[in-house]
Amino acid sequence: GWDDHNRSKRTMSRDFAVNYLNSCAKNAILFTNGDNDTFPLWYAQEIEKIRTDVKIVNTSLFMTDWYIDQMKTKTYESDPLPISFTHGQYVGDKLDYVVHIPKVESRWDIKDFLTFIKNPNG
């Protein structure tokens with residue numbers, strides 16, 4: 001109720017969030033980058049129950065093991081992310097960096113690359 005802090009008539013963030021959610025295909029995954037774009041989306045889903053089938057993934061939080069664990073669970077109506085890493089493979093500082101020393105110049109299939117990252121002994 002503070003007159004200089006009243007945001008009740010300022011709905012731009014909420015409106016953008018609703019528009020973003022409504023522009024997504026059914027059961028989409030929406031990647032965000034930080035607080036300002038994520039919190040309005042969370043508000044729209046949590047409070048207004050808008051497009052709860054869309055999975056919101058905050059890439060800034062995706063580097064933490066607890067958030068990866070959350071992404072592996074169902075949220076509202078959205079399915080868990082199909083993350084193939086086990087908790088033990090990413091917990092703590094296990095995947096702070098990955099070193100690849102190429103022995104041949106070739107492209108990797110993404111499944112082979114993920115297998116490489118999961119295998120700490122090469």
# chains A, B, ... in the order shown; residues from 1 in each chain; ligands from 1

$ residues_around --residues "segment 19-35 of chain A" --least-positions-apart "2" --cutoff "6 Å" --atoms "only C-alpha atoms" --output "list of chain:residue names"
A:Phe16, A:Ala17, A:Asp37, A:Thr38, A:Phe39, A:Asp53, A:Val54, A:Lys55, A:Ile56, A:Val57, A:Asn58, A:Thr59, A:Ser60

$ residues_around --residues "Arg14 of chain A" --least-positions-apart "5" --cutoff "8 Å" --atoms "only C-alpha atoms" --output "ChimeraX atom specification"
/A:40-41,43-44

$ residues_around --residues "segment 77-89 of chain A" --least-positions-apart "3" --cutoff "10 Å" --atoms "only C-alpha atoms" --output "PyMOL selection string"
chain A and resi 26-29+51-57+65-66+68-74+92-95+114-115+117-120

$ select_by_dssp --residues "chain A" --states "alpha helix (DSSP H)" --output "PyMOL selection string"
chain A and resi 12-23+35-46+65-71+87-90+110-118

$ select_by_dssp --residues "segment 53-121 of chain A" --states "strand (DSSP E or B)" --output "list in words"
Lys55, Ile56, Val57, Asn58, Thr75 and Ser78 of chain A

$ atom_distance --atom1 "atom CA of Asp96 of chain A" --atom2 "atom CA of Lys111 of chain A"
19.7 Å
